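Below: upload-v7.cif (mmCIF, C-alpha atoms)
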```cif
data_data
loop_
_atom_site.label_atom_id
_atom_site.label_comp_id
_atom_site.auth_asym_id
_atom_site.auth_seq_id
_atom_site.Cartn_x
_atom_site.Cartn_y
_atom_site.Cartn_z
CA MET A 1 29.11 1.02 17.00
CA PRO A 2 26.94 -0.64 14.30
CA HIS A 3 27.55 0.44 10.72
CA LEU A 4 24.72 0.60 8.15
CA LEU A 5 25.07 0.43 4.36
CA ILE A 6 22.22 2.11 2.46
CA ALA A 7 22.14 1.01 -1.18
CA GLY A 8 19.73 3.15 -3.15
CA LYS A 9 18.19 6.57 -2.65
CA LEU A 10 16.17 7.19 0.51
CA HIS A 11 13.32 9.66 0.93
CA PRO A 12 14.40 12.80 2.83
CA SER A 13 12.22 11.76 5.79
CA GLY A 14 14.16 8.50 5.98
CA MET A 15 17.45 10.34 5.92
CA ALA A 16 16.21 12.69 8.64
CA LEU A 17 15.30 9.73 10.83
CA LEU A 18 18.66 8.15 10.18
CA ASN A 19 20.57 11.33 11.02
CA SER A 20 18.61 11.79 14.25
CA THR A 21 19.39 8.27 15.47
CA PRO A 22 22.44 8.22 17.73
CA GLY A 23 24.94 5.39 18.13
CA MET A 24 25.40 4.34 14.51
CA THR A 25 27.33 5.19 11.36
CA TYR A 26 26.46 4.64 7.73
CA ASN A 27 27.52 4.69 4.09
CA TYR A 28 24.96 6.06 1.63
CA VAL A 29 25.16 5.00 -2.05
CA GLU A 30 22.36 6.45 -4.21
CA ASP A 31 23.19 4.52 -7.38
CA VAL A 32 20.99 1.44 -7.85
CA SER A 33 23.48 -1.26 -8.82
CA GLU A 34 25.32 -4.04 -7.02
CA GLU A 35 28.66 -2.76 -8.30
CA SER A 36 28.12 0.62 -6.65
CA TYR A 37 27.58 -0.65 -3.10
CA ALA A 38 29.73 -3.80 -3.15
CA PRO A 39 32.97 -1.97 -2.21
CA PHE A 40 31.40 -0.96 1.12
CA ILE A 41 29.80 -4.30 2.04
CA ASP A 42 32.74 -5.60 4.08
CA LYS A 43 32.22 -2.90 6.73
CA ALA A 44 28.42 -3.24 6.97
CA ASP A 45 26.62 -4.75 9.95
CA ALA A 46 23.28 -4.11 8.20
CA LEU A 47 22.27 -3.54 4.58
CA VAL A 48 19.25 -1.56 3.31
CA ILE A 49 18.66 -2.36 -0.35
CA ARG A 50 16.19 -1.44 -3.08
CA THR A 51 15.77 -3.36 -6.35
CA GLN A 52 19.43 -4.02 -7.15
CA PRO A 53 20.78 -7.58 -6.83
CA LEU A 54 22.43 -9.05 -3.78
CA SER A 55 24.43 -12.00 -5.07
CA ALA A 56 26.16 -14.85 -3.25
CA GLY A 57 29.51 -13.31 -4.13
CA THR A 58 28.64 -10.05 -2.41
CA VAL A 59 27.26 -11.89 0.62
CA ALA A 60 30.55 -13.78 0.87
CA GLU A 61 32.40 -10.46 1.12
CA ALA A 62 30.11 -9.23 3.91
CA GLY A 63 31.94 -10.64 6.90
CA ARG A 64 30.16 -8.43 9.44
CA LEU A 65 26.67 -8.56 7.92
CA LYS A 66 23.88 -9.44 10.38
CA ILE A 67 20.66 -8.36 8.63
CA VAL A 68 19.35 -7.26 5.21
CA SER A 69 16.25 -5.10 4.73
CA ARG A 70 14.45 -4.64 1.41
CA HIS A 71 12.49 -1.48 0.56
CA GLY A 72 9.66 -3.49 -0.99
CA VAL A 73 8.19 -6.96 -0.58
CA GLY A 74 9.79 -8.79 -3.52
CA TYR A 75 13.16 -10.45 -3.04
CA ASP A 76 13.79 -12.31 -6.28
CA ALA A 77 17.00 -10.30 -6.82
CA VAL A 78 18.40 -11.45 -3.47
CA ASP A 79 20.31 -14.73 -3.12
CA VAL A 80 18.27 -16.03 -0.19
CA ALA A 81 20.20 -19.32 -0.07
CA ALA A 82 23.44 -17.43 0.51
CA LEU A 83 21.85 -15.48 3.36
CA ASN A 84 20.36 -18.63 4.87
CA ALA A 85 23.73 -20.34 4.79
CA ARG A 86 25.05 -17.52 6.98
CA ARG A 87 21.83 -17.35 9.06
CA ILE A 88 21.36 -13.71 8.02
CA PRO A 89 17.68 -12.64 8.15
CA LEU A 90 16.05 -10.86 5.23
CA CYS A 91 13.31 -8.33 6.06
CA VAL A 92 10.66 -6.78 3.81
CA VAL A 93 8.36 -3.83 4.43
CA GLY A 94 5.01 -5.61 4.43
CA ASP A 95 2.04 -3.37 3.76
CA VAL A 96 3.93 -0.11 3.23
CA ASN A 97 3.86 -0.06 -0.58
CA SER A 98 0.52 -1.78 -1.20
CA ILE A 99 -1.47 1.47 -1.45
CA SER A 100 0.93 2.91 -4.01
CA VAL A 101 0.90 -0.31 -6.04
CA ALA A 102 -2.91 -0.54 -6.04
CA GLU A 103 -3.31 3.10 -7.04
CA HIS A 104 -0.69 2.73 -9.77
CA ALA A 105 -2.44 -0.34 -11.18
CA MET A 106 -5.80 1.42 -11.18
CA MET A 107 -4.28 4.46 -12.90
CA LEU A 108 -2.98 2.25 -15.72
CA ILE A 109 -6.32 0.45 -16.04
CA LEU A 110 -8.21 3.74 -16.30
CA ALA A 111 -5.68 5.09 -18.79
CA CYS A 112 -6.26 2.13 -21.07
CA VAL A 113 -10.04 1.95 -20.77
CA ARG A 114 -10.40 5.69 -21.33
CA SER A 115 -7.70 5.79 -24.07
CA LEU A 116 -5.95 8.50 -22.11
CA VAL A 117 -2.74 8.68 -24.12
CA ARG A 118 -4.62 8.91 -27.42
CA ALA A 119 -6.88 11.61 -25.97
CA ASP A 120 -3.87 13.57 -24.75
CA ARG A 121 -2.19 13.37 -28.15
CA SER A 122 -5.41 14.44 -29.83
CA VAL A 123 -5.67 17.54 -27.65
CA ARG A 124 -2.03 18.48 -28.17
CA SER A 125 -2.13 17.95 -31.95
CA GLY A 126 -5.52 19.58 -32.50
CA THR A 127 -7.08 16.47 -34.11
CA TRP A 128 -10.40 16.94 -32.34
CA ASN A 129 -12.26 14.44 -34.52
CA TRP A 130 -10.57 11.58 -32.66
CA ARG A 131 -13.26 11.70 -29.98
CA ASN A 132 -15.95 10.96 -32.58
CA ARG A 133 -14.43 7.50 -33.07
CA LEU A 134 -15.83 6.61 -29.62
CA GLU A 135 -12.78 4.62 -28.55
CA SER A 136 -13.02 5.63 -24.90
CA GLU A 137 -15.05 3.24 -22.77
CA ASP A 138 -16.52 3.10 -19.27
CA ILE A 139 -14.84 0.99 -16.64
CA SER A 140 -18.04 0.36 -14.71
CA HIS A 141 -19.21 -3.29 -14.91
CA LYS A 142 -16.08 -4.49 -16.67
CA ARG A 143 -14.62 -7.75 -15.44
CA GLN A 144 -11.33 -7.64 -13.58
CA LEU A 145 -9.16 -10.65 -12.74
CA ILE A 146 -6.53 -10.06 -10.06
CA LEU A 147 -3.66 -12.55 -9.98
CA GLY A 148 -2.28 -12.58 -6.45
CA TYR A 149 -4.72 -11.63 -3.71
CA GLY A 150 -2.29 -10.39 -1.10
CA ARG A 151 -1.99 -6.89 0.31
CA ALA A 152 -1.78 -5.02 -3.00
CA GLY A 153 -4.32 -7.27 -4.72
CA ARG A 154 -6.90 -6.76 -1.98
CA ARG A 155 -6.43 -3.00 -2.00
CA LEU A 156 -6.82 -2.98 -5.77
CA ALA A 157 -10.04 -4.98 -5.43
CA ARG A 158 -11.47 -2.39 -3.04
CA VAL A 159 -10.55 0.43 -5.42
CA ALA A 160 -12.03 -1.41 -8.41
CA ASP A 161 -15.18 -2.12 -6.42
CA GLY A 162 -15.62 1.63 -6.06
CA PHE A 163 -15.76 1.81 -9.86
CA GLU A 164 -18.46 -0.91 -9.87
CA MET A 165 -16.26 -3.46 -11.59
CA GLU A 166 -16.99 -7.18 -11.34
CA ILE A 167 -13.95 -8.65 -9.59
CA ARG A 168 -12.47 -12.11 -9.34
CA ALA A 169 -9.07 -13.13 -8.02
CA TYR A 170 -6.73 -16.09 -8.18
CA ASP A 171 -4.32 -16.99 -5.40
CA PRO A 172 -3.34 -20.64 -4.89
CA PHE A 173 -2.13 -19.89 -1.36
CA LEU A 174 -5.66 -18.89 -0.27
CA MET A 175 -7.60 -21.83 -1.70
CA ASN A 176 -7.66 -23.76 1.57
CA GLY A 177 -10.82 -22.16 2.89
CA ASN A 178 -9.22 -18.97 4.18
CA TRP A 179 -10.37 -16.67 1.40
CA PRO A 180 -10.47 -13.13 2.81
CA VAL A 181 -13.67 -11.13 3.08
CA GLY A 182 -13.87 -8.57 0.29
CA PRO A 183 -15.30 -7.75 -3.12
CA ALA A 184 -13.36 -10.38 -5.12
CA ARG A 185 -14.73 -13.85 -5.72
CA PRO A 186 -12.14 -16.64 -5.92
CA VAL A 187 -11.16 -18.28 -9.19
CA GLN A 188 -10.25 -21.90 -8.59
CA SER A 189 -7.67 -22.17 -11.35
CA LEU A 190 -6.11 -20.22 -14.20
CA ALA A 191 -8.04 -22.42 -16.59
CA GLU A 192 -11.22 -20.42 -15.93
CA GLY A 193 -10.11 -16.85 -15.19
CA PRO A 194 -8.36 -15.35 -18.24
CA ALA A 195 -11.18 -16.04 -20.72
CA TRP A 196 -13.66 -14.28 -18.43
CA ALA A 197 -11.71 -11.07 -17.82
CA ASP A 198 -11.73 -7.71 -19.57
CA VAL A 199 -8.83 -6.60 -17.37
CA ILE A 200 -6.06 -8.78 -15.91
CA SER A 201 -3.85 -7.38 -13.16
CA VAL A 202 -0.76 -9.18 -11.87
CA ASN A 203 -0.10 -8.49 -8.18
CA ALA A 204 1.94 -11.53 -7.23
CA PRO A 205 5.65 -11.99 -6.52
CA LYS A 206 7.84 -13.89 -8.95
CA VAL A 207 7.94 -17.47 -7.66
CA GLY A 208 8.83 -20.28 -10.05
CA PRO A 209 7.60 -20.24 -13.67
CA PRO A 210 5.39 -17.39 -14.97
CA MET A 211 1.80 -17.41 -13.73
CA LEU A 212 0.61 -16.53 -17.21
CA GLY A 213 2.13 -18.58 -19.98
CA THR A 214 1.20 -19.62 -23.47
CA ALA A 215 -1.84 -21.67 -22.43
CA GLU A 216 -3.32 -18.86 -20.36
CA PHE A 217 -2.76 -16.15 -22.97
CA GLU A 218 -4.43 -18.31 -25.61
CA GLN A 219 -7.66 -18.00 -23.59
CA VAL A 220 -7.81 -14.23 -23.21
CA LYS A 221 -10.16 -11.91 -25.04
CA PRO A 222 -8.70 -10.17 -28.12
CA ARG A 223 -8.83 -6.73 -26.46
CA VAL A 224 -7.94 -7.63 -22.90
CA ILE A 225 -6.12 -5.02 -20.83
CA PHE A 226 -3.08 -6.53 -19.12
CA VAL A 227 -1.53 -4.66 -16.17
CA ASN A 228 1.58 -5.90 -14.43
CA THR A 229 2.71 -3.87 -11.42
CA ALA A 230 4.58 -6.87 -9.97
CA ARG A 231 7.57 -8.50 -11.68
CA GLY A 232 7.90 -8.67 -15.44
CA ALA A 233 8.84 -12.34 -15.22
CA SER A 234 5.44 -13.13 -13.65
CA SER A 235 4.15 -13.50 -17.20
CA THR A 236 5.56 -14.37 -20.59
CA ARG A 237 5.08 -12.03 -23.52
CA ARG A 238 5.98 -14.58 -26.17
CA PRO A 239 2.42 -15.77 -26.89
CA CYS A 240 1.14 -12.19 -27.23
CA ARG A 241 1.30 -9.62 -29.95
CA LEU A 242 1.25 -6.14 -28.43
CA LEU A 243 -0.72 -3.60 -30.39
CA SER A 244 1.45 -0.74 -31.60
CA PRO A 245 0.39 2.88 -31.05
CA THR A 246 -0.44 3.19 -34.76
CA GLU A 247 -2.82 0.22 -34.89
CA GLU A 248 -6.54 0.77 -34.66
CA TRP A 249 -8.12 0.09 -31.26
CA ARG A 250 -11.33 -1.26 -32.80
CA ARG A 251 -10.07 -3.36 -35.66
CA PRO A 252 -12.08 -6.54 -36.24
CA VAL A 253 -11.02 -9.35 -33.97
CA SER A 254 -10.19 -11.62 -36.88
CA THR A 255 -7.37 -9.38 -38.03
CA CYS A 256 -5.59 -9.81 -34.68
CA SER A 257 -5.42 -13.56 -34.36
CA THR A 258 -6.62 -15.75 -37.20
CA THR A 259 -3.45 -17.30 -38.57
CA SER A 260 -1.09 -17.23 -35.59
CA ARG A 261 -3.75 -17.84 -32.92
CA ARG A 262 -2.00 -15.11 -30.95
CA ARG A 263 -3.95 -12.48 -29.09
CA ALA A 264 -3.58 -8.74 -29.27
CA ILE A 265 -2.92 -7.34 -25.82
CA ILE A 266 -3.28 -3.72 -24.83
CA PRO A 267 -0.14 -3.32 -22.69
CA CYS A 268 -0.24 -1.35 -19.45
CA SER A 269 2.83 -1.72 -17.28
CA PRO A 270 5.23 0.63 -15.51
CA SER A 271 7.46 0.40 -18.60
CA ALA A 272 4.72 0.75 -21.23
CA ARG A 273 4.99 3.82 -23.43
CA TRP A 274 1.30 4.06 -24.27
CA CYS A 275 -2.17 2.79 -23.41
#
```
Can the structure from this file be put into structure tokens for me?
Amino acid sequence: MPHLLIAGKLHPSGMALLNSTPGMTYNYVEDVSEESYAPFIDKADALVIRTQPLSAGTVAEAGRLKIVSRHGVGYDAVDVAALNARRIPLCVVGDVNSISVAEHAMMLILACVRSLVRADRSVRSGTWNWRNRLESEDISHKRQLILGYGRAGRRLARVADGFEMEIRAYDPFLMNGNWPVGPARPVQSLAEGPAWADVISVNAPKVGPPMLGTAEFEQVKPRVIFVNTARGASSTRRPCRLLSPTEEWRRPVSTCSTTSRRRAIIPCSPSARWC
């Protein structure tokens, strides 16, 4: 009888499906760490994993392992070489999460453009005069650059198109004449995209060096909105100076960059505390 190891919490509907499937057993470890599931790996024929690492050392202990399935589409935390050496396939979930990722990215973009966190704090503190500073802006006709035009990137483009944004996208894997039909026009290289954009959204997996490095961030506008719903390592934060919640949104551009040539970025990411 095959034995499944589930590393990371499953939705109740997933557990219901699992419990209604005959002819299998399983271990269920809700904690999201390699150390928490590693003691059970030697008995597993299959592994379902979330964002926690799967190292070569753990693979070496998995004598019965025949397949690994990831909840998402990224697999940078998985030692693929170790799996390949054992001819163990690694599966991802394809299009399942792309709607959630696109909606999450658009939520962060809207929060920044509309100064949502500042507005919320103003309402809660009773400082009604904040709205007279006119910091909130419209998203319509702003320029959005999407880095990575796969499933999530294309869905985000369709959502942004509904807000009448001007959309461009960069994806080196689609520059061979197979650019998909949709609202986003292709950007041929990162040398031309960042300087054009009011909003930059990263929707690409972590492969090799960061897509956005020092050279790219030197090109961006002083008040660009940067949204990363992919991997943090897809960009470097070293060339940027993130505005703190106490800094003025509409300070003159010269005060943000003159001596260091660094740009002020309005951060919007799943880990950002404000927008």
Measuring atom to atom with only C-alpha atoms, identify which of A:Gly193, A:Gly213, A:Pro205, A:Gly23 is nearest to Arg143 of chain A. A:Gly193
Assuming the chain letters and numbering stay as they are in my file, what does the PyMOL selection byres ((chain A and resi 97-107) around 9) actually select? List them as a PyMOL selection string. chain A and resi 71-73+93-96+108-112+151-157+159-160+201+203+227-230+268-270
For Ala119 of chain A, list every protein, DNA or RNA residue within 12 Å, evaluated using all atoms listed in the file, and leave out those in the same chain fewer than 2 positions away; present the list as number ranges by chain. A: 111-117, 121-136, 274-275
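Computed from the coordinates, the atom CA of Ile41 of chain A to atom CA of Gly57 of chain A distance equals 10.9 Å.
The interatomic distance for the pair atom CA of Val220 of chain A and atom CA of Asp76 of chain A works out to 27.5 Å.
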Can you tell me how far atom CA of Thr25 of chain A sits from atom CA of Leu4 of chain A, in Å to one decimal?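 Those two atoms sit 6.2 Å apart.
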Can you spell out as a PDB file with C-alpha atoms, in the coordinates of the input the set of residues that the PyMOL selection byres ((chain A and resi 161) around 10) selects in the structure I just provided?
```
ATOM      1  CA  SER A 140     -18.040   0.360 -14.710  1.00  0.00           C
ATOM      2  CA  HIS A 141     -19.210  -3.290 -14.910  1.00  0.00           C
ATOM      3  CA  GLN A 144     -11.330  -7.640 -13.580  1.00  0.00           C
ATOM      4  CA  ARG A 155      -6.430  -3.000  -2.000  1.00  0.00           C
ATOM      5  CA  LEU A 156      -6.820  -2.980  -5.770  1.00  0.00           C
ATOM      6  CA  ALA A 157     -10.040  -4.980  -5.430  1.00  0.00           C
ATOM      7  CA  ARG A 158     -11.470  -2.390  -3.040  1.00  0.00           C
ATOM      8  CA  VAL A 159     -10.550   0.430  -5.420  1.00  0.00           C
ATOM      9  CA  ALA A 160     -12.030  -1.410  -8.410  1.00  0.00           C
ATOM     10  CA  GLY A 162     -15.620   1.630  -6.060  1.00  0.00           C
ATOM     11  CA  PHE A 163     -15.760   1.810  -9.860  1.00  0.00           C
ATOM     12  CA  GLU A 164     -18.460  -0.910  -9.870  1.00  0.00           C
ATOM     13  CA  MET A 165     -16.260  -3.460 -11.590  1.00  0.00           C
ATOM     14  CA  GLU A 166     -16.990  -7.180 -11.340  1.00  0.00           C
ATOM     15  CA  ILE A 167     -13.950  -8.650  -9.590  1.00  0.00           C
ATOM     16  CA  GLY A 182     -13.870  -8.570   0.290  1.00  0.00           C
ATOM     17  CA  PRO A 183     -15.300  -7.750  -3.120  1.00  0.00           C
ATOM     18  CA  ALA A 184     -13.360 -10.380  -5.120  1.00  0.00           C
TER      19      ALA A 184
END
```
Residue members of the PyMOL selection byres ((chain A and resi 36) around 12) in the file shown, as a PyMOL selection string: chain A and resi 5-8+27-35+37-41+49+52-54+58
So, counting only C-alpha atoms, which residue among A:Tyr75, A:Tyr26, A:Tyr149, A:Tyr170 is closest to Ala191 of chain A?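 Using only C-alpha atoms, the shortest distance to Ala191 of chain A belongs to A:Tyr170.
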Quick one: everything within 8 Å of Lys221 of chain A, counting only C-alpha atoms, minus sequence neighbours fewer than 6 positions away in the same chain. Send it as a PyMOL selection string. chain A and resi 194-198+263
Edge lengths and centre in Å to one decimal, as AutoDock Vina command-line options, of the axis-aligned box that encloses all listed atoms of segment 56-75 of chain A with 8 Å added on every side?
```
--center_x 20.3 --center_y -8.2 --center_z 3.1 --size_x 40.2 --size_y 29.4 --size_z 30.5
```
